[in-house]
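Participant: The structure file my_file-v4.cif (mmCIF, C-alpha atoms and all ligand atoms) is provided below.
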```cif
data_work
#
loop_
_atom_site.label_atom_id
_atom_site.label_comp_id
_atom_site.auth_asym_id
_atom_site.auth_seq_id
_atom_site.Cartn_x
_atom_site.Cartn_y
_atom_site.Cartn_z
CA MET A 1 0.00 0.00 0.00
CA PRO A 2 1.46 3.41 -0.93
CA THR A 3 2.47 5.51 2.00
CA TYR A 4 4.07 8.90 2.59
CA ARG A 5 7.82 8.99 2.05
CA LEU A 6 10.03 11.56 3.72
CA PHE A 7 13.24 12.11 1.75
CA GLY A 8 16.00 13.60 3.85
CA THR A 9 18.84 12.57 6.11
CA PRO A 10 19.11 11.84 9.84
CA ALA A 11 21.54 14.77 10.23
CA SER A 12 19.34 17.30 8.41
CA LEU A 13 17.92 20.08 10.51
CA TYR A 14 14.71 20.66 8.53
CA THR A 15 14.09 16.96 7.93
CA GLY A 16 14.07 16.59 11.71
CA LYS A 17 11.32 19.18 11.99
CA ALA A 18 9.08 17.46 9.45
CA ARG A 19 9.83 14.00 10.83
CA SER A 20 8.92 15.00 14.36
CA TYR A 21 5.57 16.31 13.10
CA LEU A 22 4.82 13.10 11.15
CA ILE A 23 5.72 10.95 14.14
CA LYS A 24 3.57 12.99 16.53
CA GLN A 25 0.56 12.82 14.22
CA ARG A 26 1.09 9.08 13.76
CA ILE A 27 1.08 9.56 10.02
CA ASP A 28 2.14 6.39 8.30
CA PHE A 29 5.41 7.26 6.56
CA GLU A 30 8.79 5.90 5.55
CA ASN A 31 12.11 7.62 6.12
CA ARG A 32 13.93 7.62 2.79
CA ALA A 33 17.50 8.78 2.19
CA ALA A 34 18.51 11.65 -0.07
CA GLY A 35 21.01 9.19 -1.60
CA ASP A 36 18.12 7.03 -2.81
CA PRO A 37 18.23 6.73 -6.62
CA HIS A 38 14.50 7.55 -6.75
CA PHE A 39 15.21 10.91 -5.10
CA ARG A 40 17.89 11.76 -7.64
CA SER A 41 16.16 10.58 -10.76
CA LYS A 42 12.49 11.29 -10.09
CA ILE A 43 12.19 13.87 -7.33
CA LEU A 44 15.03 16.34 -7.84
CA PRO A 45 14.11 17.15 -11.45
CA LYS A 46 10.63 18.14 -10.29
CA ILE A 47 11.81 20.10 -7.25
CA GLU A 48 14.40 21.89 -9.41
CA ARG A 49 17.00 22.28 -6.66
CA TRP A 50 18.92 20.03 -4.31
CA ILE A 51 17.06 20.49 -1.06
CA ILE A 52 15.67 18.32 1.73
CA PRO A 53 13.22 17.42 3.17
CA VAL A 54 10.82 16.46 0.40
CA LEU A 55 7.59 14.66 1.21
CA GLU A 56 6.24 12.35 -1.46
CA CYS A 57 2.52 11.77 -0.93
CA PRO A 58 0.79 8.51 -1.83
CA ASP A 59 -0.74 10.23 -4.90
CA GLY A 60 2.71 11.38 -6.04
CA THR A 61 2.34 15.02 -4.92
CA LEU A 62 5.67 16.44 -3.76
CA VAL A 63 5.95 18.92 -0.91
CA GLN A 64 9.27 20.60 -0.22
CA ASP A 65 9.77 22.71 2.87
CA SER A 66 9.33 21.67 6.45
CA SER A 67 6.78 24.38 7.19
CA GLU A 68 4.76 23.50 4.08
CA ILE A 69 4.80 19.81 4.98
CA ILE A 70 3.21 20.67 8.30
CA GLU A 71 0.66 22.96 6.62
CA HIS A 72 -0.14 20.26 4.09
CA PHE A 73 -1.51 18.04 6.86
CA GLU A 74 -2.99 20.85 8.92
CA ARG A 75 -5.04 21.89 5.86
CA THR A 76 -6.11 18.55 4.54
CA SER A 77 -6.83 16.16 7.36
CA ASN A 78 -7.86 15.77 10.94
CA VAL A 79 -4.56 15.68 12.72
CA ARG A 80 -4.11 14.23 16.16
CA TYR A 81 -2.42 17.23 17.76
CA PRO A 82 -3.04 20.35 15.66
CA ALA A 83 0.19 22.32 15.31
CA LYS A 84 -1.74 25.57 15.46
CA PRO A 85 -2.34 26.54 19.09
CA LYS A 86 -5.96 27.19 20.05
CA THR A 87 -5.60 30.74 21.33
CA SER A 88 -4.25 33.91 19.79
CA GLN A 89 -1.22 34.76 21.94
CA HIS A 90 -0.11 31.16 21.74
CA GLN A 91 -0.48 31.21 17.96
CA LEU A 92 1.72 34.28 17.83
CA ILE A 93 4.33 32.74 20.13
CA GLY A 94 4.20 29.49 18.15
CA GLN A 95 5.02 31.32 14.93
CA ILE A 96 7.80 33.31 16.61
CA PHE A 97 9.47 30.08 17.63
CA GLU A 98 8.96 28.51 14.22
CA LEU A 99 11.04 31.38 12.80
CA PHE A 100 13.55 31.55 15.63
CA GLY A 101 14.02 27.77 15.88
CA GLY A 102 14.58 27.10 12.21
CA GLU A 103 16.50 30.26 11.35
CA GLY A 104 17.68 32.02 14.52
CA LEU A 105 19.46 29.07 16.11
CA LEU A 106 21.59 28.30 13.06
CA ARG A 107 24.65 29.92 14.63
CA PRO A 108 24.94 27.47 17.55
CA ALA A 109 23.77 24.58 15.33
CA MET A 110 26.54 25.17 12.79
CA HIS A 111 29.19 26.07 15.35
CA TYR A 112 28.65 22.98 17.47
CA ARG A 113 28.57 20.70 14.42
CA TRP A 114 31.59 21.99 12.52
CA ASN A 115 33.95 23.48 15.10
CA PHE A 116 34.40 20.45 17.37
CA ASP A 117 36.14 17.99 15.07
CA HIS A 118 37.88 16.15 17.91
CA ALA A 119 34.49 14.94 19.15
CA ASN A 120 32.27 15.09 16.05
CA LEU A 121 34.31 14.27 12.97
CA SER A 122 34.35 10.47 13.03
CA PHE A 123 30.59 10.46 13.64
CA LEU A 124 29.85 12.94 10.84
CA LYS A 125 32.15 11.11 8.42
CA ALA A 126 30.11 7.97 8.88
CA ASP A 127 26.73 9.65 9.25
CA PHE A 128 26.64 11.96 6.21
CA PRO A 129 27.51 9.45 3.47
CA ALA A 130 25.19 6.83 4.96
CA ALA A 131 22.26 8.97 3.83
CA LEU A 132 23.73 11.10 1.06
CA ALA A 133 25.66 8.58 -1.00
CA ALA A 134 24.05 5.90 -3.13
CA PRO A 135 23.51 2.71 -1.10
CA ASN A 136 26.09 0.78 -3.16
CA ALA A 137 28.76 3.56 -3.11
CA THR A 138 32.39 2.56 -2.52
CA ALA A 139 34.37 3.83 0.48
CA ASP A 140 36.15 6.36 -1.76
CA GLU A 141 32.87 7.64 -3.13
CA LYS A 142 31.50 7.97 0.41
CA ASN A 143 34.58 9.93 1.48
CA ALA A 144 34.19 12.21 -1.50
CA VAL A 145 30.51 12.81 -0.63
CA PHE A 146 31.47 13.75 2.90
CA GLU A 147 34.29 16.07 1.82
CA MET A 148 32.03 17.91 -0.57
CA ALA A 149 29.18 18.28 1.94
CA SER A 150 31.42 19.28 4.82
CA GLN A 151 33.26 21.90 2.77
CA ARG A 152 29.95 23.40 1.66
CA MET A 153 28.62 23.47 5.18
CA ARG A 154 31.80 24.94 6.67
CA ARG A 155 31.56 27.74 4.10
CA ALA A 156 27.86 28.20 4.81
CA MET A 157 28.63 28.53 8.53
CA THR A 158 30.49 31.80 7.92
CA SER A 159 27.52 33.18 6.02
CA PHE A 160 25.40 32.66 9.14
CA GLY A 161 27.85 34.70 11.24
CA VAL A 162 29.91 31.90 12.80
CA THR A 163 33.53 33.08 12.90
CA THR A 164 36.46 32.88 15.29
CA ASP A 165 35.40 36.31 16.57
CA THR A 166 31.87 35.24 17.41
CA ALA A 167 32.50 31.66 18.60
CA LYS A 168 32.72 32.45 22.31
CA THR A 169 29.65 34.68 22.25
CA ILE A 170 27.71 31.99 20.38
CA GLU A 171 28.57 29.54 23.14
CA GLU A 172 27.54 31.98 25.88
CA ALA A 173 24.28 32.82 24.13
CA TYR A 174 23.45 29.17 23.53
CA SER A 175 24.15 28.28 27.13
CA GLU A 176 21.79 31.08 28.22
CA PHE A 177 19.15 29.78 25.82
CA LEU A 178 19.48 26.20 27.08
CA GLN A 179 19.04 27.35 30.67
CA LEU A 180 15.96 29.43 29.79
CA LEU A 181 14.33 26.59 27.89
CA ASP A 182 15.23 24.10 30.60
CA THR A 183 13.65 26.35 33.22
CA HIS A 184 10.54 26.77 31.11
CA LEU A 185 10.21 23.01 30.61
CA GLN A 186 10.07 22.60 34.36
CA GLY A 187 6.46 23.76 34.13
CA SER A 188 5.29 21.98 30.97
CA PRO A 189 6.36 19.19 28.63
CA TYR A 190 6.04 21.35 25.50
CA LEU A 191 6.54 25.00 24.72
CA LEU A 192 2.88 25.93 25.08
CA GLY A 193 1.61 23.37 27.56
CA GLY A 194 0.67 19.74 27.27
CA ARG A 195 0.68 19.35 23.49
CA PRO A 196 3.32 19.90 20.80
CA THR A 197 2.60 22.91 18.58
CA ILE A 198 4.31 24.79 15.76
CA GLY A 199 6.83 26.47 18.10
CA ASP A 200 8.06 23.05 19.23
CA TYR A 201 8.48 21.95 15.61
CA GLY A 202 10.51 25.09 14.88
CA LEU A 203 12.77 24.51 17.85
CA ILE A 204 13.26 20.80 17.27
CA ALA A 205 14.95 21.56 13.92
CA PRO A 206 18.32 22.66 15.37
CA LEU A 207 17.86 21.07 18.79
CA TYR A 208 17.52 17.55 17.38
CA ALA A 209 19.66 17.09 14.28
CA HIS A 210 22.65 19.17 15.31
CA LEU A 211 22.51 20.13 18.95
CA GLY A 212 20.82 17.00 20.30
CA ARG A 213 22.44 14.38 18.07
CA ASP A 214 26.01 15.35 17.15
CA PRO A 215 28.38 14.00 19.83
CA PHE A 216 29.78 17.21 21.33
CA PRO A 217 26.60 19.29 21.64
CA ALA A 218 24.50 16.24 22.59
CA GLN A 219 26.77 15.68 25.56
CA LEU A 220 26.58 19.37 26.43
CA MET A 221 22.79 19.27 26.33
CA LYS A 222 22.56 16.08 28.36
CA SER A 223 24.90 17.35 31.04
CA THR A 224 23.64 20.94 31.33
CA ALA A 225 19.96 20.90 30.30
CA HIS A 226 18.40 17.54 31.02
CA ARG A 227 14.84 18.76 30.48
CA VAL A 228 15.73 20.06 27.03
CA TRP A 229 17.32 16.73 26.20
CA ARG A 230 14.16 14.93 27.37
CA TRP A 231 12.05 17.27 25.27
CA VAL A 232 14.15 16.40 22.21
CA GLU A 233 13.53 12.73 22.93
CA ARG A 234 9.82 13.49 23.56
CA MET A 235 9.49 15.33 20.24
CA ASN A 236 10.49 12.14 18.46
CA ALA A 237 8.10 9.87 20.37
CA PRO A 238 4.73 8.90 18.90
CA ASP A 239 2.89 9.53 22.17
CA LEU A 240 3.01 12.63 24.37
CA ASP A 241 5.82 11.04 26.40
CA SER A 242 5.23 13.40 29.31
CA ALA A 243 4.73 10.97 32.19
CA GLU A 244 7.02 12.94 34.50
CA TYR A 245 4.56 15.86 34.42
CA GLY A 246 1.68 13.75 35.72
CA ALA A 247 -1.95 13.94 34.66
CA ILE A 248 -2.13 17.74 34.77
CA ALA A 249 -0.17 18.24 31.55
CA PRO A 250 -3.14 18.59 29.13
CA GLU A 251 -4.57 21.44 31.24
CA LEU A 252 -1.41 23.54 31.30
CA PHE A 253 -1.55 27.14 29.97
CA ASN A 254 -5.03 26.45 28.61
CA ASN A 255 -6.16 30.02 29.09
CA ASP A 256 -3.77 31.64 26.60
CA GLU A 257 -1.53 31.98 29.63
CA VAL A 258 2.06 33.12 29.10
CA PRO A 259 4.20 32.15 32.08
CA GLU A 260 7.18 34.28 33.08
CA SER A 261 9.61 31.58 31.87
CA LEU A 262 8.13 31.87 28.38
CA LYS A 263 8.39 35.65 28.47
CA ASP A 264 12.07 35.20 29.34
CA LEU A 265 12.48 33.06 26.21
CA LEU A 266 10.78 35.78 24.15
CA ARG A 267 13.16 38.36 25.67
CA PHE A 268 16.01 36.12 24.57
CA VAL A 269 14.67 36.09 21.00
CA ALA A 270 14.44 39.90 21.10
CA LYS A 271 18.09 40.21 22.08
CA ASP A 272 19.48 37.40 20.00
CA TYR A 273 17.50 37.55 16.76
CA LEU A 274 15.45 40.75 16.39
CA PRO A 275 18.52 42.76 15.23
CA GLU A 276 18.97 40.26 12.41
CA VAL A 277 15.29 40.48 11.42
CA GLU A 278 15.62 44.29 11.29
CA ALA A 279 18.73 43.92 9.14
CA PHE A 280 17.31 41.47 6.62
CA VAL A 281 14.02 43.33 6.24
CA GLY A 282 15.91 46.61 5.66
CA PHE A 283 18.23 44.97 3.15
CA THR A 284 15.33 43.31 1.32
CA ASN A 285 13.41 46.57 0.96
CA ASP A 286 16.50 48.28 -0.51
CA TRP A 287 17.03 45.30 -2.83
CA LEU A 288 13.39 45.34 -3.97
CA SER A 289 13.62 49.08 -4.69
CA LEU A 290 16.64 48.41 -6.87
CA HIS A 291 14.81 45.63 -8.72
CA PRO A 292 11.36 46.86 -9.76
CA GLU A 293 11.64 44.63 -12.84
CA ILE A 294 11.18 41.40 -10.86
CA GLU A 295 8.02 39.78 -12.10
CA GLU A 296 5.30 38.44 -9.87
CA GLY A 297 5.74 34.72 -9.24
CA THR A 298 9.52 34.75 -9.76
CA SER A 299 12.40 34.81 -7.30
CA GLY A 300 14.42 37.49 -9.07
CA LEU A 301 17.42 35.15 -8.96
CA SER A 302 18.99 33.52 -11.97
CA ARG A 303 18.92 29.87 -10.90
CA SER A 304 16.20 27.90 -9.12
CA GLN A 305 18.70 26.66 -6.53
CA ASP A 306 19.69 30.20 -5.48
CA ARG A 307 18.23 31.18 -2.14
CA VAL A 308 20.28 34.23 -1.12
CA ILE A 309 19.69 37.78 -2.36
CA GLY A 310 22.75 39.32 -0.75
CA GLN A 311 24.67 39.90 2.46
CA VAL A 312 23.92 42.37 5.22
CA GLU A 313 26.01 43.57 8.12
CA PHE A 314 24.58 44.26 11.56
CA ILE A 315 25.67 44.21 15.18
CA TRP A 316 25.01 40.92 16.93
CA ARG A 317 25.71 41.00 20.67
CA GLY A 318 28.44 43.60 20.15
CA HIS A 319 30.03 41.94 17.09
CA PRO A 320 29.65 43.39 13.61
CA ILE A 321 28.67 40.33 11.55
CA ARG A 322 27.85 39.78 7.90
CA VAL A 323 25.14 37.29 7.08
CA ALA A 324 23.33 35.95 4.03
CA VAL A 325 19.82 37.27 3.38
CA LEU A 326 17.30 34.53 2.54
CA PRO A 327 13.81 35.61 1.45
CA TYR A 328 12.50 32.36 2.95
CA ARG A 329 12.84 33.95 6.38
CA LEU A 330 10.33 36.62 5.36
CA TYR A 331 7.89 33.85 4.66
CA LEU A 332 8.11 32.72 8.29
CA LEU A 333 8.04 36.33 9.51
CA GLN A 334 4.84 36.89 7.52
CA LYS A 335 3.27 33.95 9.36
CA ILE A 336 3.83 35.76 12.68
CA GLN A 337 2.31 38.93 11.29
CA ALA A 338 -0.64 37.04 9.78
CA VAL A 339 -1.65 35.84 13.24
CA PHE A 340 -1.72 39.46 14.39
CA ASP A 341 -3.45 40.81 11.29
CA GLN A 342 -6.23 38.25 11.49
CA ALA A 343 -6.92 38.69 15.21
CA SER A 344 -9.69 40.76 16.77
CA ARG A 345 -8.96 44.22 18.16
CA SER A 346 -8.83 43.04 21.76
CA GLU A 347 -6.59 40.10 20.88
CA GLN A 348 -4.30 42.46 19.00
CA ASP A 349 -4.08 44.68 22.08
CA ARG A 350 -2.99 41.72 24.19
CA MET A 351 -0.43 40.60 21.60
CA ARG A 352 0.96 44.09 21.30
CA ALA A 353 1.28 44.33 25.07
CA LEU A 354 3.07 40.97 25.24
CA LEU A 355 5.49 41.86 22.47
CA SER A 356 6.28 45.26 23.87
CA GLU A 357 6.82 43.80 27.36
CA THR A 358 9.31 41.30 25.92
CA GLY A 359 11.10 43.69 23.56
CA LEU A 360 9.64 42.18 20.39
CA GLY A 361 7.22 44.98 19.41
CA ARG A 362 9.10 45.71 16.18
CA LEU A 363 8.24 42.25 14.82
CA LEU A 364 4.84 43.58 13.81
CA GLU A 365 6.24 46.55 11.90
CA LEU A 366 9.11 44.90 10.03
CA ARG A 367 7.44 44.27 6.70
CA THR A 368 8.72 44.22 3.13
CA GLN A 369 7.28 46.07 0.13
CA ARG A 370 6.47 42.75 -1.52
CA ARG A 371 5.51 39.50 0.10
CA ILE A 372 7.13 36.12 -0.32
CA VAL A 373 4.76 33.39 -1.46
CA ARG A 374 5.39 29.81 -2.50
CA LYS A 375 4.86 28.47 -5.98
CA SER A 376 5.85 25.00 -7.21
CA ASN A 377 7.88 24.46 -4.04
CA LEU A 378 9.96 27.63 -4.55
CA GLU A 379 9.89 31.00 -2.77
CA VAL A 380 8.78 33.76 -5.15
CA TRP A 381 7.69 37.40 -4.90
CA SER A 382 4.08 38.50 -4.86
CA GLY A 383 2.92 41.34 -7.11
N1 LIG B 1 13.13 26.09 4.08
C1 LIG B 1 13.57 24.75 3.86
C2 LIG B 1 15.05 24.64 4.14
C3 LIG B 1 15.59 23.31 3.77
C4 LIG B 1 17.11 23.23 3.84
O1 LIG B 1 17.82 24.24 3.85
N2 LIG B 1 17.60 21.99 3.93
C5 LIG B 1 19.02 21.78 3.92
C6 LIG B 1 19.38 20.51 4.66
S1 LIG B 1 18.90 20.54 6.35
C7 LIG B 1 19.46 21.64 2.50
O2 LIG B 1 18.81 20.96 1.73
N3 LIG B 1 20.51 22.34 2.12
C8 LIG B 1 20.96 22.36 0.76
C9 LIG B 1 22.38 21.97 0.60
O3 LIG B 1 22.91 21.36 1.52
O4 LIG B 1 22.91 22.21 -0.44
C10 LIG B 1 12.76 23.80 4.74
O5 LIG B 1 12.32 24.21 5.83
O6 LIG B 1 12.54 22.66 4.31
#
```
How does this structure look as structure tokens?

Facilitator:
Amino acid sequence: MPTYRLFGTPASLYTGKARSYLIKQRIDFENRAAGDPHFRSKILPKIERWIIPVLECPDGTLVQDSSEIIEHFERTSNVRYPAKPKTSQHQLIGQIFELFGGEGLLRPAMHYRWNFDHANLSFLKADFPAALAAPNATADEKNAVFEMASQRMRRAMTSFGVTTDTAKTIEEAYSEFLQLLDTHLQGSPYLLGGRPTIGDYGLIAPLYAHLGRDPFPAQLMKSTAHRVWRWVERMNAPDLDSAEYGAIAPELFNNDEVPESLKDLLRFVAKDYLPEVEAFVGFTNDWLSLHPEIEEGTSGLSRSQDRVIGQVEFIWRGHPIRVAVLPYRLYLLQKIQAVFDQASRSEQDRMRALLSETGLGRLLELRTQRRIVRKSNLEVWSG
């Protein structure tokens, strides 16, 4: 019987996000490797770029993008644990953590994967080719696959702002984040109470594949933030896996409540990531002004695999850093703003108060002249 197939790799950040969702919803699916000949010959030509994860549906429909994979099920079927929280503030917070998890935590994810060779390298050398190379590849071919992937990723790391100058600050910031999340998880098994929601799926992306699975950061997480480690394990379990919280878990934060520990996490996002959001929105607006010729429904870039429109410099925790600007991030930012835009007046007042209390008020104003939409599994500009 045909089933869903998730093409990706165990070490892939965004595959981990989609996989966690599929597991939690008990959707019948198979994990398939990106090295699978079917992926190369049948899927990549249709997706038009090398990117994972890709979900192949039983009817042959392909869905690329971890956020879209989640939306695909949220739109079309009765899911077990809806990813969309029930109440408005929680929806807003959920979308903030989808953006921050998948995009804002790339600095620690990349740093802890690629700058700790003494602990990680032998694992990565075995792990990458196992899923990226063809199943019958020779040892030399597997080594070549690893070398190519690792060189690409080490280069990519710099474009996220990971340098020798920032390394120590990245470690300090990540340690602060782990402690804040650990403290918050003292009160509830998931970010917004007793059920996993979109914010958890955003956060699991870096916290599973890189920070919870690679040897060095996994050890760091286990030894300094046990509750976060348990949450990573929980996010990959088919049940709620929250026995240690007792029977009260489903009732937690049911009233659109935002505990102080969650506000502290939002304050962290404001300090750690809002400056980057300001920078990429500003850069994008300048870039769009320079390119009025870009047609609706196109990316404005020459090749379908291009995802970066330029580089922008900003100050991150006292360091001037230069990072790549990816329009995809606007797509996730728009999801935060959509929650606000669609809410009632009184809900908007509460959201505004929460964001201004936590230093995130600007998130509602940072908008681009044109919106990013998705067409044929690519990010393109609206009219
Ligand atoms: N927005 C995409 C991002 C997917 C993505 O960047 N995936 C990585 C692997 S985790 C990738 O395919 N990178 C391309 C490359 O390595 O060349 C999603 O959420 O699915």

Participant: Which neighbours of region 101-103 of chain A fall inside 12 Å, counting only C-alpha atoms, when residues of the same chain fewer than 3 positions from it are skipped, and could you give them as number ranges by chain?

Facilitator: A: 12-18, 65-67, 93-98, 106-110, 160, 177, 191, 198-211, 265-266, 269, 272-274, 276-277, 323-333

Participant: First collect every listed atom of ligand LIG 1 (chain B); then fit an axis-aligned box around them, widen it by 5 Å on each side, and give centre and edge lengths in Å to one decimal, as lines of an AutoDock Vina configuration file.

Facilitator:
```
center_x = 17.6
center_y = 23.3
center_z = 3.0
size_x = 20.6
size_y = 15.6
size_z = 16.8
```

Participant: Would you pick out the contacts of Gln91 (chain A) at 7 Å or less, using only C-alpha atoms, so that residues sharing its chain but fewer than 5 positions from it are not included, and give the list as a ChimeraX atom specification?

Facilitator: /A:84-85,339

Participant: Could you give me, as a list in words, the residues within 6 Å of region 290-307 of chain A, counting only C-alpha atoms and dropping anything in the same chain fewer than 2 positions from it?

Facilitator: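 Within the cut-off, the hits are Arg49, Trp287, Leu288, Leu326, Val380, Trp381, Ser382 and Gly383 of chain A.
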
Participant: Can you write out the residues you just picked, keeping C-alpha atoms, as a PDB file, in the frame of the given file?

Facilitator:
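The resulting file, out29.pdb, is shown below:
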```
ATOM      1  CA  ARG A  49      17.000  22.280  -6.660  1.00  0.00           C
ATOM      2  CA  TRP A 287      17.030  45.300  -2.830  1.00  0.00           C
ATOM      3  CA  LEU A 288      13.390  45.340  -3.970  1.00  0.00           C
ATOM      4  CA  LEU A 326      17.300  34.530   2.540  1.00  0.00           C
ATOM      5  CA  VAL A 380       8.780  33.760  -5.150  1.00  0.00           C
ATOM      6  CA  TRP A 381       7.690  37.400  -4.900  1.00  0.00           C
ATOM      7  CA  SER A 382       4.080  38.500  -4.860  1.00  0.00           C
ATOM      8  CA  GLY A 383       2.920  41.340  -7.110  1.00  0.00           C
TER       9      GLY A 383
END
```

Participant: Kindly indicate which residue among A:Leu62, A:Ile248, A:Leu92, A:Ala149 lies nearest to ligand LIG 1 (chain B), using only C-alpha atoms and all ligand atoms for the distances.

Facilitator: A:Ala149

Participant: Please identify all polymer residues within 7 Å of region 231-244 of chain A, counting all atoms listed in the file, omitting same-chain residues fewer than 2 positions from it, and present them as a list in words.

Facilitator: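 Once the nearby chain positions are removed, what remains is Ser20, Ile23, Lys24, Arg26, Pro189, Ile204, Leu207, Tyr208, Gly212, Arg227, Val228, Trp229 and Gly246 of chain A.
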
Participant: Find the distance between CA of Gln311 (chain A) and CA of Ser150 (chain A) and write it in Å to one decimal.

Facilitator: 21.8 Å

Participant: Please provide the set of residues having any atom within 6 Å of region 253-264 of chain A, restricted to all atoms listed in the file, with same-chain residues fewer than 5 positions apart removed, written as a ChimeraX atom specification.

Facilitator: /A:87,184,193

Participant: Please identify every residue of region 72-133 of chain A that has at least one atom no farther than 8 Å from an atom of region 214-222 of chain A, counting only C-alpha atoms, and for each give the shortest atom pair and the distance in Å to one decimal, arranged by chain then increasing number, as a Markdown table.

Facilitator:
```
| residue | atom | partner | partner_atom | distance |
| --- | --- | --- | --- | --- |
| A:Tyr112 | CA | A:Pro217 | CA | 5.9 |
| A:Arg113 | CA | A:Asp214 | CA | 6.5 |
| A:Phe116 | CA | A:Phe216 | CA | 6.9 |
| A:Ala119 | CA | A:Phe216 | CA | 5.7 |
| A:Asn120 | CA | A:Pro215 | CA | 5.5 |
| A:Phe123 | CA | A:Pro215 | CA | 7.5 |
| A:Leu124 | CA | A:Asp214 | CA | 7.8 |
```

Participant: For each of A:Asn377, A:Ser188, A:Gln179, A:Thr3, take the minimum atom-to-atom distance to ligand LIG 1 (chain B), counting all atoms listed in the file, then give the residue where this is smallest.

Facilitator: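 For ligand LIG 1 (chain B), the nearest of the given residues is A:Asn377.
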
Participant: State, in Å with one decimal place, the distance from CA of Asp59 (chain A) to CA of Leu6 (chain A).

Facilitator: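 One can read the CA of Asp59 (chain A) to CA of Leu6 (chain A) distance as 13.9 Å.
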
Participant: So how many Å separate CA of Leu185 (chain A) and CA of Thr224 (chain A), to one decimal?

Facilitator: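 CA of Thr224 (chain A) lies at a distance of 13.6 Å from CA of Leu185 (chain A).
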
Participant: Pick the closest to Leu181 (chain A) from A:Phe268, A:Trp114, A:Phe146, A:Tyr81: which is it, counting all atoms listed in the file?

Facilitator: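 Residue with the minimum atom-to-atom distance to Leu181 (chain A): A:Phe268.
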
Participant: Just checking: using only C-alpha atoms and all ligand atoms, which residue out of A:Arg362, A:Arg152, A:Lys125, A:His118 ends up closest to ligand LIG 1 (chain B)?

Facilitator: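 Checking each of A:Arg362, A:Arg152, A:Lys125, A:His118 against ligand LIG 1 (chain B), counting only C-alpha atoms and all ligand atoms, the winner is A:Arg152.
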
Participant: Nearest to ligand LIG 1 (chain B) among A:Leu360, A:His90, A:Arg374, A:Ile27, with distances taken over only C-alpha atoms and all ligand atoms: which residue is it?

Facilitator: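 For ligand LIG 1 (chain B), the nearest of the candidates is A:Arg374.
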